[in-house]
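The structure appears right after this line, and notes come after that.
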Amino acid sequence: MGAGFCFSKENMHGRLACRLVKEFNSGEKGQLNHFNEELLNEVAKECSENFLVLQSLIRKMQEEGLDFQTTRNADHYGALINHLSLIRNKRCLLAYVYNRAEMIQNLAWTVGLRLFELPEEIQEKLSHPEKEYFKKHSSALESYMSKVDLDLNVDMVPPKDPYIKVRVLDDVGEGIVVSDKAANFARHSMHFLKRTDAELYISRGLMEELTG
Amino acid sequence: MAEDFGEGSTAGMDEYETLMATTDVELLKTALRNEKAAPEILQIQTQLVKRAREQIQLMEETVEEFEQSGMDPLTVSLYQMDLDRAQFLLRSYLRIRLQKLEKYMFYIWKDDSLRNRLSEPEIFFVKRCIDDMEKHLEETVLSKLPDNYQSAGRQSIISEEDDMVPEPQLDTFVACKSSNRFVSLRLVDRYKSSFFWHLLSLIFSFFQKQVCKFAFINLQWETFGDGAP
C-alpha cells in the first residue's frame with residue numbers, strides 16, 4: 001500500500017498513544033504516575049511522521065493532476081488514515097496532559113497552594129512545566145481568594161464541633177501559638193484544639209484528627 | 001395573649017416556617033444544594049453572598065465581644081458553632097463554583113450566557129485558568145505537533161467548530177427535592193435538549209407528580225437569576 005500504512009504490531013498507528021493513556025489510567029485513583037516525557041515525545045514524533053506522509057501523498061496527487069477534494073483513490077485514503085491517526089494521537093496526548101493537570105489542580109485544593117508544601121514523592125512525579133502550571137494555577141486561586149477576602153481551602157468538611165481532638169505527628173516546634181494559648185506541641189502529644197486552628201496543621205500532615 | 005395562643009398557633013407556626021425558609025442561611029443552603037446538584041454552573045447569587053458575608057462578620061464581632069466580656073464559654077461555643085456552619089456554607093458554595101470553573105473553563109468561557117452567570121472575581125479567575133492551561137498544553141504537547149494541528153480547542157485546521165472542549169454531561173440524573181408548590185407541567189422535548197435532568201429517587205405511586213414537580217423546578221432553574229429559588 002502506498003499509504004505508509006504499516007501492519008506490523010509494533011509500529012501500528014496509535015499504539016504508543018494508547019500506551020500513554022493506559023499508563024495514566026493504570027495509576028491508583030487520585031495518584032499521579034511519573035510524567036512519561038519519553039513516551040510523550042515518541043507519540044509526538046509519530047504525529048510528525050503522519051504529517052510527512054500526509055503531505056507527500058497530497059503532493060503526489062497534485063502532481064498527478066488529481067483533485068484532492070473529489071478523487072477517491074488509494075492515496076486519498078492513505079492521507080485520510082494518516083490525518084485520522086494524527087488526530088487520535090493528538091487527543092491521547094492532550095488527554096494525558098489535561099487529566100494530569102486536573103489532578104494538579106486538585107492538589108492545590110487538598111494539599112497546599114505552595115510547591116514546597118507538596119510532599120517530595122509528589123513533586124518528583126511532576127514535569128517541569130507541570131510544576132510551573134501548579135504554581136500559576138495556585139496563584140490564580142490565591143488571587144481569587146484575596147479578591148473575595150476569604151480562604152476557601154480551609155473548612156473542607158462540614159464542621160461538627162468547634163473543638164476536635166488531635167495528635168501531633170511531627171515535631172511542630174514550640175513557636176506555634178494556637179488562638180490565645182501556647183502549648184507544648186511535642187510529637188505524639190494529644191490536644192483539644194479549635195477546629196479552625198488545627199485544620200491548617202492537619203492538611204500539612206503535622207497533626208491527625210482523633211475520631212471516635 | 002393567652003387566647004391568641006390557642007387559635008393562632010398553627011398559623012403562627014406556618015408563618016414561622018415560611019420565615020425560617022427565607023432566611024439567608026436557608027437561601028444559602030439552597031444555593032449550595034442547587035450548585036452541587038447541577039452539572040453546569042448556575043447564576044451567582046451576588047446579593048446573597050454579600051449579605052451572608054455581612055452577617056458572618058457581625059457574628060464574628062459578637063463572638064469576640066462575648067469572649068471578652070467573659071460570657072459563659074458554652075454559650076460562646078454555641079455561637080461559634082453557628083458561625084462555623086455559616087462559614088462552611090459560604091465557603092463550600094464559592095468553592096464548588098470554582099471547581100466547576102476549573103473543570104469546564106473553555107466551555108463556560110465561549111458561551112456568553114454561561115459567562116454572564118459568573119461574578120467579577122470568577123471571571124478573572126476563569127480567564128487566568130484558561131491562559132495557564134493553554135500555555136501548559138502548548139508547551140507540553142501542542143508545540144511539538146505539526147502546524148495545522150496546534151489548536152487546543154480544535155482537532156485540526158479543518159475542524160469547523162471547537163471539537164475538543166470538555167463539556168459537562170447535561171443529559172444526566174440528578175437528585176432533587178420538590179418545592180411545596182405544585183404546578184402541572186410535563187417534561188417536554190425542549191428540556192431534553194438542554195436540561196434533561198431526571199429525578200433520582202422516586203416513589204413510584206407519585207411518579208407522575210414528581211416528574212411534573214421536577215419540571216417545575218427545572219423551569220425555575222432556567223429562569224431564576226434574581227436570587228429566588
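Each chain in the C-alpha cells gets a letter, A, B, ..., in the order shown, and its residues are numbered from 1; ligands are numbered from 1 in order too.
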
Considering only strand (DSSP E or B) as DSSP defines it on the backbone, what residues of region 7-173 of chain A qualify? List them as a ChimeraX atom specification.
/A:163-168

Which residues of chain A sit at most 9 Å from chain B, using only C-alpha atoms? Give each one's shortest atom pair and distance in Å (one decimal place), in chain and ascending residue order, as JSON lines.
{"residue": "A:Leu40", "atom": "CA", "partner": "B:Val141", "partner_atom": "CA", "distance": 8.1}
{"residue": "A:Asn41", "atom": "CA", "partner": "B:Lys144", "partner_atom": "CA", "distance": 8.0}
{"residue": "A:Ala44", "atom": "CA", "partner": "B:Lys144", "partner_atom": "CA", "distance": 6.1}
{"residue": "A:Lys45", "atom": "CA", "partner": "B:Lys144", "partner_atom": "CA", "distance": 8.0}
{"residue": "A:Cys47", "atom": "CA", "partner": "B:Leu145", "partner_atom": "CA", "distance": 6.5}
{"residue": "A:Ser48", "atom": "CA", "partner": "B:Pro146", "partner_atom": "CA", "distance": 6.0}
{"residue": "A:Phe51", "atom": "CA", "partner": "B:Pro146", "partner_atom": "CA", "distance": 6.7}
{"residue": "A:Leu86", "atom": "CA", "partner": "B:Tyr149", "partner_atom": "CA", "distance": 8.5}
{"residue": "A:Ile87", "atom": "CA", "partner": "B:Gln155", "partner_atom": "CA", "distance": 6.1}
{"residue": "A:Arg88", "atom": "CA", "partner": "B:Gln155", "partner_atom": "CA", "distance": 8.8}
{"residue": "A:Lys90", "atom": "CA", "partner": "B:Gln155", "partner_atom": "CA", "distance": 7.6}
{"residue": "A:Arg91", "atom": "CA", "partner": "B:Gln155", "partner_atom": "CA", "distance": 7.6}
{"residue": "A:Leu93", "atom": "CA", "partner": "B:Val141", "partner_atom": "CA", "distance": 6.7}
{"residue": "A:Leu94", "atom": "CA", "partner": "B:Val141", "partner_atom": "CA", "distance": 6.8}
{"residue": "A:Val97", "atom": "CA", "partner": "B:Leu137", "partner_atom": "CA", "distance": 7.0}
{"residue": "A:Tyr98", "atom": "CA", "partner": "B:Leu137", "partner_atom": "CA", "distance": 7.4}
{"residue": "A:Ala101", "atom": "CA", "partner": "B:Met133", "partner_atom": "CA", "distance": 8.0}
{"residue": "A:Glu102", "atom": "CA", "partner": "B:Lys103", "partner_atom": "CA", "distance": 7.5}
{"residue": "A:Gln105", "atom": "CA", "partner": "B:Glu102", "partner_atom": "CA", "distance": 7.8}
{"residue": "A:Asn106", "atom": "CA", "partner": "B:Gln99", "partner_atom": "CA", "distance": 8.9}
{"residue": "A:Pro129", "atom": "CA", "partner": "B:His136", "partner_atom": "CA", "distance": 6.6}
{"residue": "A:Glu130", "atom": "CA", "partner": "B:His136", "partner_atom": "CA", "distance": 7.3}
{"residue": "A:Glu132", "atom": "CA", "partner": "B:His136", "partner_atom": "CA", "distance": 8.3}
{"residue": "A:Tyr133", "atom": "CA", "partner": "B:His136", "partner_atom": "CA", "distance": 6.4}
{"residue": "A:Lys136", "atom": "CA", "partner": "B:Asp132", "partner_atom": "CA", "distance": 6.7}
{"residue": "A:His137", "atom": "CA", "partner": "B:Cys129", "partner_atom": "CA", "distance": 6.6}
{"residue": "A:Ala140", "atom": "CA", "partner": "B:Phe125", "partner_atom": "CA", "distance": 6.1}
{"residue": "A:Leu141", "atom": "CA", "partner": "B:Phe125", "partner_atom": "CA", "distance": 7.1}
{"residue": "A:Ser143", "atom": "CA", "partner": "B:Phe125", "partner_atom": "CA", "distance": 7.9}
{"residue": "A:Tyr144", "atom": "CA", "partner": "B:Pro121", "partner_atom": "CA", "distance": 5.9}
{"residue": "A:Met145", "atom": "CA", "partner": "B:Pro121", "partner_atom": "CA", "distance": 8.8}
{"residue": "A:Lys147", "atom": "CA", "partner": "B:Pro121", "partner_atom": "CA", "distance": 6.5}
{"residue": "A:Val148", "atom": "CA", "partner": "B:Pro121", "partner_atom": "CA", "distance": 7.3}
{"residue": "A:Leu150", "atom": "CA", "partner": "B:Arg91", "partner_atom": "CA", "distance": 7.8}
{"residue": "A:Asp151", "atom": "CA", "partner": "B:Arg91", "partner_atom": "CA", "distance": 7.8}
{"residue": "A:Leu152", "atom": "CA", "partner": "B:Arg91", "partner_atom": "CA", "distance": 5.6}
{"residue": "A:Asn153", "atom": "CA", "partner": "B:Arg95", "partner_atom": "CA", "distance": 8.1}
{"residue": "A:Val154", "atom": "CA", "partner": "B:Arg91", "partner_atom": "CA", "distance": 8.4}
{"residue": "A:Asp155", "atom": "CA", "partner": "B:Phe88", "partner_atom": "CA", "distance": 6.0}
{"residue": "A:Met156", "atom": "CA", "partner": "B:Ser92", "partner_atom": "CA", "distance": 7.6}
{"residue": "A:Val157", "atom": "CA", "partner": "B:Phe88", "partner_atom": "CA", "distance": 8.0}
{"residue": "A:Pro158", "atom": "CA", "partner": "B:Phe88", "partner_atom": "CA", "distance": 6.5}
{"residue": "A:Pro159", "atom": "CA", "partner": "B:Arg85", "partner_atom": "CA", "distance": 6.3}
{"residue": "A:Lys160", "atom": "CA", "partner": "B:Met81", "partner_atom": "CA", "distance": 8.0}
{"residue": "A:Asp161", "atom": "CA", "partner": "B:Met81", "partner_atom": "CA", "distance": 6.7}
{"residue": "A:Pro162", "atom": "CA", "partner": "B:Met81", "partner_atom": "CA", "distance": 5.6}
{"residue": "A:Tyr163", "atom": "CA", "partner": "B:Ser77", "partner_atom": "CA", "distance": 9.0}
{"residue": "A:Thr196", "atom": "CA", "partner": "B:Asp84", "partner_atom": "CA", "distance": 8.6}

Which residues are close to Glu26 (chain B), i.e. within 12 Å by only C-alpha atoms, leaving aside same-chain residues fewer than 2 positions away? Reply as a VMD selection string.
chain B and resid 17 to 24 28 to 33 48 52 85 to 86 89 to 90 228 to 229

Keeping only C-alpha atoms, write the selected residues to a file as a PDB file, in the first residue's frame.
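Output (selection.pdb):
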ATOM      1  CA  GLU B  17     -41.667  28.156  58.988  1.00  0.00           C
ATOM      2  CA  THR B  18     -42.032  30.384  55.952  1.00  0.00           C
ATOM      3  CA  LEU B  19     -39.917  32.948  57.690  1.00  0.00           C
ATOM      4  CA  MET B  20     -37.273  30.381  58.527  1.00  0.00           C
ATOM      5  CA  ALA B  21     -37.234  29.112  54.970  1.00  0.00           C
ATOM      6  CA  THR B  22     -36.383  32.538  53.666  1.00  0.00           C
ATOM      7  CA  THR B  23     -33.509  33.355  55.998  1.00  0.00           C
ATOM      8  CA  ASP B  24     -30.230  33.872  54.295  1.00  0.00           C
ATOM      9  CA  LEU B  28     -27.501  29.850  51.014  1.00  0.00           C
ATOM     10  CA  LYS B  29     -28.154  26.205  51.746  1.00  0.00           C
ATOM     11  CA  THR B  30     -30.491  26.033  48.761  1.00  0.00           C
ATOM     12  CA  ALA B  31     -27.968  27.793  46.567  1.00  0.00           C
ATOM     13  CA  LEU B  32     -25.262  25.354  47.622  1.00  0.00           C
ATOM     14  CA  ARG B  33     -27.544  22.385  47.076  1.00  0.00           C
ATOM     15  CA  LEU B  48     -26.982  36.606  48.914  1.00  0.00           C
ATOM     16  CA  ALA B  52     -24.036  36.300  54.156  1.00  0.00           C
ATOM     17  CA  ARG B  85     -21.505  26.405  59.943  1.00  0.00           C
ATOM     18  CA  ALA B  86     -22.413  29.610  58.192  1.00  0.00           C
ATOM     19  CA  LEU B  89     -21.823  27.031  53.732  1.00  0.00           C
ATOM     20  CA  LEU B  90     -20.418  30.158  52.169  1.00  0.00           C
ATOM     21  CA  ALA B 228     -35.252  33.494  44.434  1.00  0.00           C
ATOM     22  CA  PRO B 229     -35.076  29.704  44.291  1.00  0.00           C
TER      23      PRO B 229
END

Contacts of Pro39 (chain B) at 7 Å (only C-alpha atoms; same-chain gap of 2+ positions) as a PDB file with N, CA and C atoms, in the first residue's frame:
ATOM      1  N   ALA B  37     -25.911  20.003  42.862  1.00  0.00           N
ATOM      2  CA  ALA B  37     -26.664  19.018  42.089  1.00  0.00           C
ATOM      3  C   ALA B  37     -26.569  19.270  40.589  1.00  0.00           C
ATOM      4  N   ILE B  41     -22.721  25.284  35.588  1.00  0.00           N
ATOM      5  CA  ILE B  41     -22.656  26.409  36.528  1.00  0.00           C
ATOM      6  C   ILE B  41     -23.974  27.187  36.524  1.00  0.00           C
ATOM      7  N   PRO B 168     -19.727  19.626  30.323  1.00  0.00           N
ATOM      8  CA  PRO B 168     -20.445  18.891  31.370  1.00  0.00           C
ATOM      9  C   PRO B 168     -21.508  18.001  30.745  1.00  0.00           C
ATOM     10  N   GLN B 169     -21.782  16.901  31.365  1.00  0.00           N
ATOM     11  CA  GLN B 169     -22.803  15.973  30.892  1.00  0.00           C
ATOM     12  C   GLN B 169     -24.156  16.475  31.375  1.00  0.00           C
ATOM     13  N   LEU B 170     -24.897  17.107  30.461  1.00  0.00           N
ATOM     14  CA  LEU B 170     -26.184  17.691  30.871  1.00  0.00           C
ATOM     15  C   LEU B 170     -27.304  16.659  30.861  1.00  0.00           C
TER      16      LEU B 170
END

What are the DSSP helix (DSSP H, G or I) residues of chain A, as a ChimeraX atom specification?
/A:15-26,37-63,74-110,115-117,120-123,128-148,195-203

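With only C-alpha atoms as the atoms that count, the minimum distance from Ile158 (chain B) to the choices A:Ser203, A:Val111, A:Ile104, A:Leu84 is reached by A:Leu84.
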
Just want the 12 Å neighbourhood of Leu54 (chain A), counted on only C-alpha atoms, with same-chain residues fewer than 5 positions away dropped. Output as an MDAnalysis selection string.
(chainID A and resid 2:5 47:49 59:61 68 75:86) or (chainID B and resid 146 148)

Tell me, as a PDB file with C-alpha atoms, in the first residue's frame, which residues lie within 9 Å of Ser138 (chain A), counting only C-alpha atoms; anything in the same chain fewer than 6 positions away does not count.
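So the final result, stored in out02.pdb, reads:
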ATOM      1  CA  GLN A 105      -5.498  21.458  40.273  1.00  0.00           C
ATOM      2  CA  ALA A 108      -3.900  22.820  45.238  1.00  0.00           C
ATOM      3  CA  TRP A 109      -7.203  22.206  46.992  1.00  0.00           C
ATOM      4  CA  GLY A 112      -1.473  23.164  49.650  1.00  0.00           C
ATOM      5  CA  LEU A 113      -1.039  26.153  47.409  1.00  0.00           C
ATOM      6  CA  ARG A 114       2.743  26.275  47.563  1.00  0.00           C
TER       7      ARG A 114
END
